[in-house]
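**Student:** Sharing coords.pdb below, PDB, C-alpha atoms and all ligand atoms:
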ATOM      1  CA  ASP A   1     -31.087 250.567  47.856  1.00  0.00           C
ATOM      2  CA  GLN A   2     -33.949 252.933  48.679  1.00  0.00           C
ATOM      3  CA  GLU A   3     -36.029 250.541  50.779  1.00  0.00           C
ATOM      4  CA  ILE A   4     -33.004 249.492  52.864  1.00  0.00           C
ATOM      5  CA  GLU A   5     -32.101 253.164  53.427  1.00  0.00           C
ATOM      6  CA  LYS A   6     -35.624 254.081  54.440  1.00  0.00           C
ATOM      7  CA  ILE A   7     -35.956 251.196  56.905  1.00  0.00           C
ATOM      8  CA  SER A   8     -32.480 251.868  58.337  1.00  0.00           C
ATOM      9  CA  LYS A   9     -33.436 255.476  59.105  1.00  0.00           C
ATOM     10  CA  LYS A  10     -36.640 254.362  60.812  1.00  0.00           C
ATOM     11  CA  LEU A  11     -34.810 251.676  62.789  1.00  0.00           C
ATOM     12  CA  MET A  12     -32.241 254.168  64.015  1.00  0.00           C
ATOM     13  CA  LYS A  13     -35.045 255.797  66.022  1.00  0.00           C
ATOM     14  CA  GLU A  14     -36.287 252.501  67.487  1.00  0.00           C
ATOM     15  CA  LEU A  15     -32.950 250.976  68.507  1.00  0.00           C
ATOM     16  CA  ASP A  16     -30.090 252.094  70.702  1.00  0.00           C
ATOM     17  CA  GLU A  17     -26.717 252.690  69.073  1.00  0.00           C
ATOM     18  CA  ASP A  18     -25.233 249.269  69.813  1.00  0.00           C
ATOM     19  CA  ARG A  19     -28.318 247.437  68.629  1.00  0.00           C
ATOM     20  CA  TYR A  20     -28.431 249.511  65.452  1.00  0.00           C
ATOM     21  CA  ARG A  21     -24.800 248.670  64.729  1.00  0.00           C
ATOM     22  CA  HIS A  22     -25.559 244.987  65.408  1.00  0.00           C
ATOM     23  CA  THR A  23     -28.459 244.966  62.934  1.00  0.00           C
ATOM     24  CA  GLN A  24     -26.244 246.517  60.249  1.00  0.00           C
ATOM     25  CA  GLY A  25     -23.678 243.787  60.964  1.00  0.00           C
ATOM     26  CA  VAL A  26     -26.329 241.078  60.683  1.00  0.00           C
ATOM     27  CA  MET A  27     -27.626 242.621  57.452  1.00  0.00           C
ATOM     28  CA  TYR A  28     -24.220 242.486  55.731  1.00  0.00           C
ATOM     29  CA  THR A  29     -23.302 239.094  57.176  1.00  0.00           C
ATOM     30  CA  SER A  30     -26.645 237.705  55.958  1.00  0.00           C
ATOM     31  CA  ALA A  31     -25.884 239.155  52.529  1.00  0.00           C
ATOM     32  CA  ALA A  32     -22.456 237.467  52.468  1.00  0.00           C
ATOM     33  CA  LEU A  33     -23.994 234.103  53.364  1.00  0.00           C
ATOM     34  CA  ALA A  34     -26.743 234.600  50.771  1.00  0.00           C
ATOM     35  CA  MET A  35     -24.016 235.106  48.133  1.00  0.00           C
ATOM     36  CA  ARG A  36     -22.245 231.944  49.242  1.00  0.00           C
ATOM     37  CA  TYR A  37     -25.384 229.764  49.222  1.00  0.00           C
ATOM     38  CA  GLY A  38     -27.405 231.355  46.440  1.00  0.00           C
ATOM     39  CA  ALA A  39     -30.220 232.741  48.590  1.00  0.00           C
ATOM     40  CA  ASP A  40     -32.158 235.857  47.604  1.00  0.00           C
ATOM     41  CA  LEU A  41     -29.847 238.768  48.399  1.00  0.00           C
ATOM     42  CA  LYS A  42     -32.530 241.376  48.971  1.00  0.00           C
ATOM     43  CA  LYS A  43     -34.487 239.106  51.306  1.00  0.00           C
ATOM     44  CA  ALA A  44     -31.334 238.361  53.296  1.00  0.00           C
ATOM     45  CA  LEU A  45     -30.579 242.076  53.639  1.00  0.00           C
ATOM     46  CA  LEU A  46     -34.120 242.918  54.769  1.00  0.00           C
ATOM     47  CA  ALA A  47     -34.415 240.000  57.203  1.00  0.00           C
ATOM     48  CA  GLY A  48     -31.003 240.773  58.715  1.00  0.00           C
ATOM     49  CA  LEU A  49     -31.801 244.464  58.991  1.00  0.00           C
ATOM     50  CA  LEU A  50     -35.176 243.951  60.671  1.00  0.00           C
ATOM     51  CA  HIS A  51     -34.564 240.829  62.783  1.00  0.00           C
ATOM     52  CA  ASP A  52     -34.180 242.787  66.063  1.00  0.00           C
ATOM     53  CA  CYS A  53     -36.628 245.625  65.307  1.00  0.00           C
ATOM     54  CA  ALA A  54     -38.574 244.849  68.521  1.00  0.00           C
ATOM     55  CA  LYS A  55     -35.502 244.282  70.705  1.00  0.00           C
ATOM     56  CA  CYS A  56     -35.427 247.673  72.456  1.00  0.00           C
ATOM     57  CA  ILE A  57     -39.086 247.726  73.522  1.00  0.00           C
ATOM     58  CA  PRO A  58     -39.317 247.352  77.338  1.00  0.00           C
ATOM     59  CA  GLY A  59     -40.319 243.885  78.600  1.00  0.00           C
ATOM     60  CA  HIS A  60     -43.727 244.768  79.995  1.00  0.00           C
ATOM     61  CA  THR A  61     -44.551 246.666  76.801  1.00  0.00           C
ATOM     62  CA  LYS A  62     -43.535 243.636  74.736  1.00  0.00           C
ATOM     63  CA  ILE A  63     -46.052 241.546  76.693  1.00  0.00           C
ATOM     64  CA  LYS A  64     -48.780 244.180  76.304  1.00  0.00           C
ATOM     65  CA  MET A  65     -48.159 244.438  72.569  1.00  0.00           C
ATOM     66  CA  CYS A  66     -48.210 240.651  72.075  1.00  0.00           C
ATOM     67  CA  GLU A  67     -51.523 240.497  73.922  1.00  0.00           C
ATOM     68  CA  LYS A  68     -52.927 243.319  71.824  1.00  0.00           C
ATOM     69  CA  TYR A  69     -51.856 241.675  68.558  1.00  0.00           C
ATOM     70  CA  ASN A  70     -52.978 238.190  69.684  1.00  0.00           C
ATOM     71  CA  LEU A  71     -49.482 236.710  69.588  1.00  0.00           C
ATOM     72  CA  GLU A  72     -49.228 233.664  71.852  1.00  0.00           C
ATOM     73  CA  ILE A  73     -47.087 233.977  74.982  1.00  0.00           C
ATOM     74  CA  SER A  74     -45.687 230.828  76.615  1.00  0.00           C
ATOM     75  CA  GLU A  75     -44.855 230.489  80.311  1.00  0.00           C
ATOM     76  CA  ILE A  76     -41.156 230.885  79.595  1.00  0.00           C
ATOM     77  CA  GLU A  77     -41.742 233.936  77.401  1.00  0.00           C
ATOM     78  CA  ARG A  78     -43.806 235.535  80.129  1.00  0.00           C
ATOM     79  CA  LYS A  79     -40.864 235.088  82.517  1.00  0.00           C
ATOM     80  CA  ASN A  80     -38.324 236.125  79.841  1.00  0.00           C
ATOM     81  CA  PRO A  81     -40.133 238.743  77.750  1.00  0.00           C
ATOM     82  CA  SER A  82     -36.909 239.333  75.806  1.00  0.00           C
ATOM     83  CA  LEU A  83     -37.680 236.102  73.918  1.00  0.00           C
ATOM     84  CA  LEU A  84     -40.787 237.805  72.526  1.00  0.00           C
ATOM     85  CA  HIS A  85     -38.759 240.231  70.383  1.00  0.00           C
ATOM     86  CA  ALA A  86     -38.577 237.611  67.636  1.00  0.00           C
ATOM     87  CA  LYS A  87     -42.312 237.026  67.101  1.00  0.00           C
ATOM     88  CA  LEU A  88     -43.175 240.625  67.912  1.00  0.00           C
ATOM     89  CA  GLY A  89     -40.440 241.711  65.490  1.00  0.00           C
ATOM     90  CA  ALA A  90     -42.000 239.626  62.724  1.00  0.00           C
ATOM     91  CA  TYR A  91     -45.366 241.220  63.443  1.00  0.00           C
ATOM     92  CA  LEU A  92     -43.937 244.756  63.390  1.00  0.00           C
ATOM     93  CA  ALA A  93     -41.891 244.057  60.253  1.00  0.00           C
ATOM     94  CA  LYS A  94     -45.196 243.475  58.480  1.00  0.00           C
ATOM     95  CA  ASP A  95     -47.280 246.090  60.255  1.00  0.00           C
ATOM     96  CA  LYS A  96     -44.805 248.979  60.557  1.00  0.00           C
ATOM     97  CA  TYR A  97     -42.148 248.255  57.935  1.00  0.00           C
ATOM     98  CA  ASP A  98     -44.452 246.902  55.224  1.00  0.00           C
ATOM     99  CA  ILE A  99     -42.687 243.577  54.737  1.00  0.00           C
ATOM    100  CA  GLU A 100     -45.168 241.176  53.127  1.00  0.00           C
ATOM    101  CA  ASP A 101     -42.766 238.385  52.209  1.00  0.00           C
ATOM    102  CA  GLU A 102     -43.491 235.340  54.406  1.00  0.00           C
ATOM    103  CA  GLU A 103     -39.943 233.977  54.088  1.00  0.00           C
ATOM    104  CA  ILE A 104     -38.514 237.187  55.529  1.00  0.00           C
ATOM    105  CA  LEU A 105     -41.120 237.300  58.286  1.00  0.00           C
ATOM    106  CA  MET A 106     -40.398 233.673  59.198  1.00  0.00           C
ATOM    107  CA  ALA A 107     -36.646 234.339  59.345  1.00  0.00           C
ATOM    108  CA  ILE A 108     -37.317 237.144  61.832  1.00  0.00           C
ATOM    109  CA  ARG A 109     -39.745 234.988  63.836  1.00  0.00           C
ATOM    110  CA  SER A 110     -37.327 232.057  64.217  1.00  0.00           C
ATOM    111  CA  HIS A 111     -34.061 233.950  64.749  1.00  0.00           C
ATOM    112  CA  THR A 112     -33.842 233.487  68.548  1.00  0.00           C
ATOM    113  CA  THR A 113     -35.031 229.904  69.190  1.00  0.00           C
ATOM    114  CA  GLY A 114     -34.559 228.477  65.721  1.00  0.00           C
ATOM    115  CA  ARG A 115     -37.166 226.021  64.459  1.00  0.00           C
ATOM    116  CA  PRO A 116     -37.118 222.415  63.251  1.00  0.00           C
ATOM    117  CA  GLY A 117     -36.860 222.373  59.447  1.00  0.00           C
ATOM    118  CA  MET A 118     -35.577 225.895  58.926  1.00  0.00           C
ATOM    119  CA  SER A 119     -35.418 227.340  55.396  1.00  0.00           C
ATOM    120  CA  LEU A 120     -32.104 228.512  53.913  1.00  0.00           C
ATOM    121  CA  LEU A 121     -32.984 232.147  54.684  1.00  0.00           C
ATOM    122  CA  GLU A 122     -33.843 231.286  58.302  1.00  0.00           C
ATOM    123  CA  LYS A 123     -30.499 229.504  58.740  1.00  0.00           C
ATOM    124  CA  ILE A 124     -28.668 232.461  57.236  1.00  0.00           C
ATOM    125  CA  VAL A 125     -30.216 235.014  59.594  1.00  0.00           C
ATOM    126  CA  TYR A 126     -29.851 232.735  62.613  1.00  0.00           C
ATOM    127  CA  ILE A 127     -26.147 232.238  61.894  1.00  0.00           C
ATOM    128  CA  ALA A 128     -25.463 235.858  60.907  1.00  0.00           C
ATOM    129  CA  ASP A 129     -27.038 237.001  64.179  1.00  0.00           C
ATOM    130  CA  TYR A 130     -24.573 234.858  66.076  1.00  0.00           C
ATOM    131  CA  MET A 131     -21.392 235.675  64.176  1.00  0.00           C
ATOM    132  CA  GLU A 132     -21.649 239.218  62.793  1.00  0.00           C
ATOM    133  CA  PRO A 133     -18.353 241.112  63.236  1.00  0.00           C
ATOM    134  CA  GLY A 134     -19.591 243.179  66.206  1.00  0.00           C
ATOM    135  CA  ARG A 135     -20.424 240.130  68.341  1.00  0.00           C
ATOM    136  CA  LYS A 136     -18.398 239.342  71.413  1.00  0.00           C
ATOM    137  CA  GLU A 137     -15.462 237.104  70.543  1.00  0.00           C
ATOM    138  CA  LEU A 138     -16.635 233.828  72.076  1.00  0.00           C
ATOM    139  CA  PRO A 139     -14.048 230.985  72.099  1.00  0.00           C
ATOM    140  CA  ASN A 140     -15.929 229.118  69.352  1.00  0.00           C
ATOM    141  CA  MET A 141     -16.217 232.145  67.053  1.00  0.00           C
ATOM    142  CA  MET A 142     -13.283 231.305  64.748  1.00  0.00           C
ATOM    143  CA  ASP A 143     -14.776 227.857  64.120  1.00  0.00           C
ATOM    144  CA  VAL A 144     -18.311 229.162  63.654  1.00  0.00           C
ATOM    145  CA  ARG A 145     -17.250 231.841  61.168  1.00  0.00           C
ATOM    146  CA  HIS A 146     -15.206 229.355  59.183  1.00  0.00           C
ATOM    147  CA  LEU A 147     -17.926 226.692  59.217  1.00  0.00           C
ATOM    148  CA  ALA A 148     -20.584 229.203  58.144  1.00  0.00           C
ATOM    149  CA  PHE A 149     -19.010 229.436  54.690  1.00  0.00           C
ATOM    150  CA  GLU A 150     -17.923 225.796  54.583  1.00  0.00           C
ATOM    151  CA  ASP A 151     -21.061 223.908  55.642  1.00  0.00           C
ATOM    152  CA  ILE A 152     -24.125 225.873  56.728  1.00  0.00           C
ATOM    153  CA  ASP A 153     -25.861 222.917  58.384  1.00  0.00           C
ATOM    154  CA  LYS A 154     -22.853 221.904  60.467  1.00  0.00           C
ATOM    155  CA  CYS A 155     -22.501 225.556  61.452  1.00  0.00           C
ATOM    156  CA  LEU A 156     -26.148 225.788  62.482  1.00  0.00           C
ATOM    157  CA  TYR A 157     -25.825 222.627  64.558  1.00  0.00           C
ATOM    158  CA  ARG A 158     -22.666 223.907  66.232  1.00  0.00           C
ATOM    159  CA  ILE A 159     -24.391 227.154  67.272  1.00  0.00           C
ATOM    160  CA  LEU A 160     -27.512 225.344  68.523  1.00  0.00           C
ATOM    161  CA  ARG A 161     -25.382 223.004  70.598  1.00  0.00           C
ATOM    162  CA  ASP A 162     -23.105 225.687  72.041  1.00  0.00           C
ATOM    163  CA  SER A 163     -26.080 227.931  72.836  1.00  0.00           C
ATOM    164  CA  LEU A 164     -27.922 225.170  74.672  1.00  0.00           C
ATOM    165  CA  VAL A 165     -24.810 224.288  76.680  1.00  0.00           C
ATOM    166  CA  TYR A 166     -24.451 227.971  77.560  1.00  0.00           C
ATOM    167  CA  LEU A 167     -28.110 228.370  78.605  1.00  0.00           C
ATOM    168  CA  LYS A 168     -27.940 225.255  80.771  1.00  0.00           C
ATOM    169  CA  ALA A 169     -24.682 226.374  82.378  1.00  0.00           C
ATOM    170  CA  GLN A 170     -26.351 229.689  83.229  1.00  0.00           C
ATOM    171  CA  ASP A 171     -29.395 227.844  84.581  1.00  0.00           C
ATOM    172  CA  MET A 172     -31.642 229.707  82.179  1.00  0.00           C
ATOM    173  CA  PRO A 173     -35.079 228.217  81.438  1.00  0.00           C
ATOM    174  CA  ILE A 174     -35.036 226.598  77.997  1.00  0.00           C
ATOM    175  CA  ASP A 175     -37.791 227.504  75.567  1.00  0.00           C
ATOM    176  CA  GLN A 176     -39.550 224.461  74.121  1.00  0.00           C
ATOM    177  CA  THR A 177     -38.754 225.504  70.568  1.00  0.00           C
ATOM    178  CA  THR A 178     -35.047 225.935  71.409  1.00  0.00           C
ATOM    179  CA  GLU A 179     -34.997 222.385  72.758  1.00  0.00           C
ATOM    180  CA  GLU A 180     -36.985 220.944  69.823  1.00  0.00           C
ATOM    181  CA  THR A 181     -34.754 222.695  67.301  1.00  0.00           C
ATOM    182  CA  TYR A 182     -31.643 221.269  68.925  1.00  0.00           C
ATOM    183  CA  GLN A 183     -33.109 217.739  69.021  1.00  0.00           C
ATOM    184  CA  TYR A 184     -34.154 217.972  65.370  1.00  0.00           C
ATOM    185  CA  TYR A 185     -30.703 219.020  64.123  1.00  0.00           C
ATOM    186  CA  ASN A 186     -28.923 216.737  66.568  1.00  0.00           C
ATOM    187  CA  GLU A 187     -30.529 213.755  64.826  1.00  0.00           C
ATOM    188  CA  LEU A 188     -29.547 215.110  61.414  1.00  0.00           C
ATOM    189  CA  TYR A 189     -25.986 216.359  61.926  1.00  0.00           C
ATOM    190  CA  SER A 190     -24.387 215.137  65.152  1.00  0.00           C
TER     191      SER A 190
HETATM  192  O1  LIG B 201     -31.331 239.518  69.983  1.00  0.00           O
HETATM  193  P1  LIG B 201     -29.902 239.100  69.959  1.00  0.00           P
HETATM  194  O2  LIG B 201     -29.209 239.335  71.258  1.00  0.00           O
HETATM  195  O3  LIG B 201     -29.140 239.663  68.821  1.00  0.00           O
HETATM  196  O4  LIG B 201     -29.866 237.525  69.735  1.00  0.00           O
HETATM  197  P2  LIG B 201     -31.053 236.476  69.922  1.00  0.00           P
HETATM  198  O5  LIG B 201     -32.336 237.023  69.451  1.00  0.00           O
HETATM  199  O6  LIG B 201     -30.576 235.209  69.304  1.00  0.00           O
HETATM  200  O7  LIG B 201     -31.162 236.325  71.480  1.00  0.00           O
HETATM  201  C1  LIG B 201     -30.107 235.754  72.161  1.00  0.00           C
HETATM  202  C2  LIG B 201     -30.503 235.623  73.585  1.00  0.00           C
HETATM  203  O8  LIG B 201     -31.648 234.818  73.703  1.00  0.00           O
HETATM  204  C3  LIG B 201     -29.385 234.970  74.364  1.00  0.00           C
HETATM  205  O9  LIG B 201     -29.068 235.794  75.463  1.00  0.00           O
HETATM  206  C4  LIG B 201     -29.953 233.676  74.795  1.00  0.00           C
HETATM  207  C5  LIG B 201     -31.437 233.888  74.697  1.00  0.00           C
HETATM  208  N1  LIG B 201     -32.135 232.638  74.401  1.00  0.00           N
HETATM  209  C6  LIG B 201     -32.229 231.947  73.255  1.00  0.00           C
HETATM  210  N2  LIG B 201     -32.942 230.830  73.426  1.00  0.00           N
HETATM  211  C7  LIG B 201     -33.334 230.828  74.721  1.00  0.00           C
HETATM  212  C8  LIG B 201     -32.822 231.995  75.330  1.00  0.00           C
HETATM  213  N3  LIG B 201     -33.028 232.299  76.626  1.00  0.00           N
HETATM  214  C9  LIG B 201     -33.753 231.454  77.352  1.00  0.00           C
HETATM  215  N4  LIG B 201     -33.977 231.722  78.623  1.00  0.00           N
HETATM  216  N5  LIG B 201     -34.280 230.303  76.825  1.00  0.00           N
HETATM  217  C10 LIG B 201     -34.100 229.946  75.527  1.00  0.00           C
HETATM  218  O10 LIG B 201     -34.580 228.901  75.087  1.00  0.00           O
HETATM  219 FE    FE B 202     -32.614 238.913  68.465  1.00  0.00          FE
HETATM  220 FE    FE B 203     -29.441 234.377  67.863  1.00  0.00          FE
HETATM  221 FE    FE B 204     -29.727 240.016  66.845  1.00  0.00          FE
END
Translate the structure described by the file into structure tokens.
Ligand code: DGI
Ligand code: FE
Ligand code: FE
Ligand code: FE

**Tutor:**
Amino acid sequence: DQEIEKISKKLMKELDEDRYRHTQGVMYTSAALAMRYGADLKKALLAGLLHDCAKCIPGHTKIKMCEKYNLEISEIERKNPSLLHAKLGAYLAKDKYDIEDEEILMAIRSHTTGRPGMSLLEKIVYIADYMEPGRKELPNMMDVRHLAFEDIDKCLYRILRDSLVYLKAQDMPIDQTTEETYQYYNELYS
């Protein structure tokens, strides 16, 4: 596909080698999940490809850019500017990569913290980000990869839960949206 090729080339200049490989992994994993669940294949490819487009921008530059583009920065984001790569990525996907589709932009925006009431495409990108083949082999990975094709909502809940446990164990500050997303899906699927 021409658009995918063009964006890939551009991304190769913005990302380091590992991150580029990761985004290719997320792109194809998103496509596989889109096939399984009947989501729009092209949207899944584009959202997966672009989800981390702002990841390799230095922290202080991320903050500057968010201020310039009037993207809100929470206390926790100011302390952990890495979290900003999701909303900044959605902004850049539109501004620099000419993505107009709101579903794709939302999937990029919500891929780090999740969001209560995620669309199918958002779930796909969130899950693909976690389980693409290049990801570190966490102990739960076999289960997550199996569940992803068995029951997407159970899989999403499993990742949200494991991630929150991990963040708390590491004593990392929890973003409000991360917490709200977990609570929302905990009531639905626990
Ligand atoms: O960008 P990726 O590494 O591919 O993946 P991602 O965008 O899902 O980011 C994962 C990182 O984000 C992981 O190291 C945990 C962190 N994270 C997610 N939610 C929160 C968080 N970190 C903090 N401090 N608080 C959160 O709520
Ligand atoms: Fe990310
Ligand atoms: Fe993630
Ligand atoms: Fe990622």

**Student:** Taking only C-alpha atoms and all ligand atoms into account, list the residues no farther than 9 Å from ligand FE 204 (chain B), as a VMD selection string.

**Tutor:** chain A and resid 19 22 to 23 26 48 51 to 52 55 111 to 112 125 to 126 128 to 130

**Student:** Which protein, DNA or RNA residues have an atom at most 12 Å from (-26.8, 249.3, 68.3), counting all atoms listed in the file? List them as a list of chain:residue names.

**Tutor:**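 Result, sorted by chain then residue number: A:Ser8, A:Leu11, A:Met12, A:Lys13, A:Glu14, A:Leu15, A:Asp16, A:Glu17, A:Asp18, A:Arg19, A:Tyr20, A:Arg21, A:His22, A:Thr23, A:Gln24, A:Gly25, A:Val26, A:Leu49, A:Asp52, A:Cys53, A:Lys55, A:Cys56, A:Gly134, A:Arg135.
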
**Student:** Report, in Å to a single decimal, how far apart atom CA of Ala34 of chain A and atom CA of Asp1 of chain A are.

**Tutor:**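 One can read the atom CA of Asp1 of chain A to atom CA of Ala34 of chain A distance as 16.8 Å.
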
**Student:** Could you jot down the atom C3 of ligand LIG 201 (chain B) to atom CA of Lys79 of chain A separation for me, Å, one decimal place?

**Tutor:**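 That distance, rounded to one decimal, is 14.1 Å.
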
**Student:** Select from segment 41-120 of chain A every residue with an atom at most 10 Å from any atom of segment 142-165 of chain A, then for each give the shortest pair of atoms and their distance in Å to one decimal, using only C-alpha atoms, rows by chain and rising number, as a tab-separated table.

**Tutor:**
residue	atom	partner	partner_atom	distance
A:Thr113	CA	A:Leu160	CA	8.8
A:Gly114	CA	A:Leu160	CA	8.2
A:Leu120	CA	A:Ile152	CA	8.9

**Student:** Expand the PyMOL selection byres (((chain A and resi 3) around 12) and not hetatm) into the explicit residue set it covers here, and present it as an NGL selection string.

**Tutor:** :A and (1-2 or 4-10 or 42-43 or 45-46 or 49-50 or 97-99)

**Student:** Which one is closest to ligand FE 203 (chain B): A:Ile124, A:Lys96, A:Tyr189, A:Pro139? Count all atoms listed in the file.

**Tutor:**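 With all atoms listed in the file as the atom set, the closest residue is A:Ile124.
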
**Student:** Looking at only C-alpha atoms, which of A:Glu132, A:Thr61, A:Leu105, A:Lys94 is the one that sits closest to Ser82 of chain A?

**Tutor:**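 So, comparing all the options, the nearest one is A:Thr61.
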
**Student:** Which residues, protein or nucleic acid, reach to within 12 Å of (-38.0, 226.1, 76.9) in the file's coordinates when using only C-alpha atoms, and can you give that as a PyMOL selection string?

**Tutor:** chain A and resi 74-80+83+112-114+164+167-168+171-182

**Student:** In Å to one decimal, how far is atom CA of Asp101 of chain A from atom C8 of ligand LIG 201 (chain B)?

**Tutor:**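 Distance between the two atoms: 26.0 Å.
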
**Student:** Translate the PyMOL selection byres (((chain A and resi 116) around 6) and not hetatm) into a concrete residue list for this structure, as a ChimeraX atom specification.

**Tutor:** /A:115,117-118,181,184

**Student:** Just write the chosen residues, C-alpha atoms, as a tab-separated table (two decimals), in the frame of the given file.

**Tutor:**
chain	number	residue	atom	x	y	z
A	115	ARG	CA	-37.17	226.02	64.46
A	117	GLY	CA	-36.86	222.37	59.45
A	118	MET	CA	-35.58	225.90	58.93
A	181	THR	CA	-34.75	222.70	67.30
A	184	TYR	CA	-34.15	217.97	65.37

**Student:** Between A:Asn186, A:Gln170, A:Ser110, A:Asn140, which one has atoms that come closest to ligand FE 203 (chain B), using all atoms listed in the file?

**Tutor:** A:Ser110

**Student:** From the options A:Met141, A:Leu188, A:Met131, A:Leu84, which residue's atoms come nearest to ligand FE 202 (chain B), counting all atoms listed in the file?

**Tutor:**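 Using all atoms listed in the file, the shortest distance to ligand FE 202 (chain B) belongs to A:Leu84.
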
**Student:** Once you add 4 Å to each side, what are the centre and edge lengths of the axis-aligned box holding all listed atoms of segment 170-176 of chain A? One decimal in Å, as AutoDock Vina command-line options, if you can.

**Tutor:**
--center_x -33.0 --center_y 227.1 --center_z 79.4 --size_x 21.2 --size_y 13.2 --size_z 18.5

**Student:** Counting all atoms listed in the file, figure out which residue out of A:His85, A:Tyr185, A:Met35, A:Lys136 gets nearest to Leu71 of chain A.

**Tutor:**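 Answer, going by the shortest atom-to-atom distance: A:His85.
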
**Student:** Compare A:Ala86, A:Ala31, A:Pro81, A:Asp95 by their minimum atom-to-atom distance to ligand FE 202 (chain B), counting all atoms listed in the file, and give me the closest one.

**Tutor:**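 Of all the options, A:Ala86 lies closest to ligand FE 202 (chain B).
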